[in-house]
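Note sheet for the following structure.
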Amino acid sequence: KPVLECCNYINMHLDESLSLRGMANRLKYSEYYLSRKFSKEMGMSFKEYVRRQRLDRAKALLRDSSLGIRDISEQLHFCSPSYFAEQFKAEFGISPTEWRNA
């Protein structure tokens, strides 16, 4: 149940700052417990899950909006547009611009 609540919250708040500490406080669990439980059930860390969900949201924004790369990067809390593009390409094999043009 805590992992499901965590995932639901993350998916609804991708455009906000998300941290394991904040999530643990929100759900009234220790960071250690939530981190271990999350990793065990999801097969990835909390941070990796958030990154992947944000990249999936970025794909939808690139497809369905006219927002620029910089705007999407800022909206989804990537530290810079270049880091966003690097992470996008590592995950999907093409750049955000190539994705949009395809």
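Residue numbering restarts at 1 for every chain of the structure tokens, chains are lettered A, B, ... in their displayed order, and ligands are numbered from 1 as they appear.
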Write out as an MDAnalysis selection string each polymer residue whose atoms come within 12 Å of Gly22 in chain A, counting only C-alpha atoms; drop sequence neighbours fewer than 4 positions from it. chainID A and resid 6 9:10 16:18 26:31 34:35 46
How would the residues just chosen look if you wrote them out with N, CA and C atoms as a tab-separated table (two decimals), in the first residue's frame?
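File written: again.tsv
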```tsv
chain	number	residue	atom	x	y	z
A	6	CYS	N	2.54	6.06	-3.00
A	6	CYS	CA	3.70	6.82	-3.44
A	6	CYS	C	3.66	7.02	-4.97
A	9	TYR	N	0.88	9.40	-6.02
A	9	TYR	CA	1.22	10.78	-5.71
A	9	TYR	C	2.23	11.32	-6.72
A	10	ILE	N	3.26	10.54	-6.98
A	10	ILE	CA	4.28	10.96	-7.94
A	10	ILE	C	3.64	11.28	-9.28
A	16	GLU	N	6.04	19.06	-9.68
A	16	GLU	CA	6.45	19.61	-8.38
A	16	GLU	C	7.77	18.97	-7.98
A	17	SER	N	8.43	19.59	-7.03
A	17	SER	CA	9.65	19.01	-6.50
A	17	SER	C	9.28	17.78	-5.68
A	18	LEU	N	9.93	16.66	-5.97
A	18	LEU	CA	9.62	15.40	-5.27
A	18	LEU	C	10.90	14.85	-4.65
A	26	ARG	N	5.16	12.60	4.15
A	26	ARG	CA	3.76	12.66	3.73
A	26	ARG	C	3.02	11.37	4.12
A	27	LEU	N	3.68	10.23	3.92
A	27	LEU	CA	3.06	8.93	4.18
A	27	LEU	C	3.29	8.42	5.60
A	28	LYS	N	4.06	9.18	6.38
A	28	LYS	CA	4.35	8.82	7.78
A	28	LYS	C	5.15	7.52	7.91
A	29	TYR	N	6.16	7.37	7.04
A	29	TYR	CA	7.10	6.25	7.10
A	29	TYR	C	8.50	6.82	7.19
A	30	SER	N	9.44	6.01	7.65
A	30	SER	CA	10.83	6.46	7.64
A	30	SER	C	11.35	6.41	6.20
A	31	GLU	N	12.33	7.25	5.92
A	31	GLU	CA	12.94	7.24	4.58
A	31	GLU	C	13.52	5.86	4.28
A	34	LEU	N	10.65	3.32	3.47
A	34	LEU	CA	10.02	3.59	2.18
A	34	LEU	C	10.98	3.30	1.03
A	35	SER	N	12.23	3.67	1.19
A	35	SER	CA	13.23	3.43	0.15
A	35	SER	C	13.39	1.93	-0.11
A	46	PHE	N	13.36	5.11	-5.82
A	46	PHE	CA	12.37	6.19	-5.87
A	46	PHE	C	12.80	7.23	-6.90
```
Residues near Ala60 in chain A, cut-off 12 Å, only C-alpha atoms, skip fewer than 5 positions along chain, as a ChimeraX atom specification: /A:53-55,65-67,72,96,99-100
Selected residues, N, CA, C and O atoms, written as a PDB file, in the first residue's frame, please.
```
ATOM      1  N   GLN A  53       9.162   8.538 -14.918  1.00  0.00           N
ATOM      2  CA  GLN A  53       7.816   9.085 -15.072  1.00  0.00           C
ATOM      3  C   GLN A  53       7.868  10.477 -15.688  1.00  0.00           C
ATOM      4  O   GLN A  53       7.039  10.833 -16.530  1.00  0.00           O
ATOM      5  N   ARG A  54       8.837  11.271 -15.284  1.00  0.00           N
ATOM      6  CA  ARG A  54       8.984  12.604 -15.857  1.00  0.00           C
ATOM      7  C   ARG A  54       9.349  12.531 -17.331  1.00  0.00           C
ATOM      8  O   ARG A  54       8.862  13.326 -18.139  1.00  0.00           O
ATOM      9  N   LEU A  55      10.197  11.591 -17.686  1.00  0.00           N
ATOM     10  CA  LEU A  55      10.552  11.433 -19.100  1.00  0.00           C
ATOM     11  C   LEU A  55       9.357  10.969 -19.923  1.00  0.00           C
ATOM     12  O   LEU A  55       9.170  11.426 -21.053  1.00  0.00           O
ATOM     13  N   SER A  65       1.923  19.323 -27.117  1.00  0.00           N
ATOM     14  CA  SER A  65       1.959  20.752 -26.806  1.00  0.00           C
ATOM     15  C   SER A  65       3.005  21.440 -27.668  1.00  0.00           C
ATOM     16  O   SER A  65       3.808  20.790 -28.327  1.00  0.00           O
ATOM     17  N   SER A  66       2.986  22.738 -27.622  1.00  0.00           N
ATOM     18  CA  SER A  66       3.987  23.504 -28.361  1.00  0.00           C
ATOM     19  C   SER A  66       5.066  24.041 -27.425  1.00  0.00           C
ATOM     20  O   SER A  66       5.858  24.894 -27.814  1.00  0.00           O
ATOM     21  N   LEU A  67       5.098  23.545 -26.200  1.00  0.00           N
ATOM     22  CA  LEU A  67       6.117  23.980 -25.245  1.00  0.00           C
ATOM     23  C   LEU A  67       7.506  23.663 -25.783  1.00  0.00           C
ATOM     24  O   LEU A  67       7.728  22.609 -26.378  1.00  0.00           O
ATOM     25  N   ILE A  72       9.680  22.553 -21.004  1.00  0.00           N
ATOM     26  CA  ILE A  72       9.376  21.203 -20.524  1.00  0.00           C
ATOM     27  C   ILE A  72      10.381  20.801 -19.455  1.00  0.00           C
ATOM     28  O   ILE A  72      10.009  20.251 -18.417  1.00  0.00           O
ATOM     29  N   PRO A  96      14.978  14.837 -27.632  1.00  0.00           N
ATOM     30  CA  PRO A  96      13.601  15.370 -27.562  1.00  0.00           C
ATOM     31  C   PRO A  96      13.152  16.012 -28.876  1.00  0.00           C
ATOM     32  O   PRO A  96      12.010  15.842 -29.285  1.00  0.00           O
ATOM     33  N   TRP A  99      12.278  13.299 -31.287  1.00  0.00           N
ATOM     34  CA  TRP A  99      11.009  12.701 -30.880  1.00  0.00           C
ATOM     35  C   TRP A  99       9.840  13.552 -31.370  1.00  0.00           C
ATOM     36  O   TRP A  99       8.879  13.061 -31.928  1.00  0.00           O
ATOM     37  N   ARG A 100       9.958  14.848 -31.143  1.00  0.00           N
ATOM     38  CA  ARG A 100       8.893  15.773 -31.553  1.00  0.00           C
ATOM     39  C   ARG A 100       8.707  15.740 -33.063  1.00  0.00           C
ATOM     40  O   ARG A 100       7.589  15.744 -33.554  1.00  0.00           O
TER      41      ARG A 100
END
```
Closest to Lys1 in chain A among A:Ile94, A:Phe78, A:Glu41, A:Asp15, using only C-alpha atoms? A:Glu41
Go through range 25-91 of chain A and collect every residue that DSSP, computed from the backbone, puts in alpha helix (DSSP H); the answer should be as a PyMOL selection string. chain A and resi 25-27+31-42+46-64+69-75+81-91
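One finds CA of Lys47 in chain A at 25.7 Å from CA of Glu98 in chain A.
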Using only C-alpha atoms, which residue out of A:Lys40, A:Lys89, A:Arg51, A:His77 lies closest to Val3 in chain A? A:Lys40
Selected residue of minimal separation from Asn101 in chain A among A:Cys79, A:Phe84, A:Met44, A:Arg63, counting only C-alpha atoms: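 Using only C-alpha atoms, the shortest distance to Asn101 in chain A belongs to A:Arg63.
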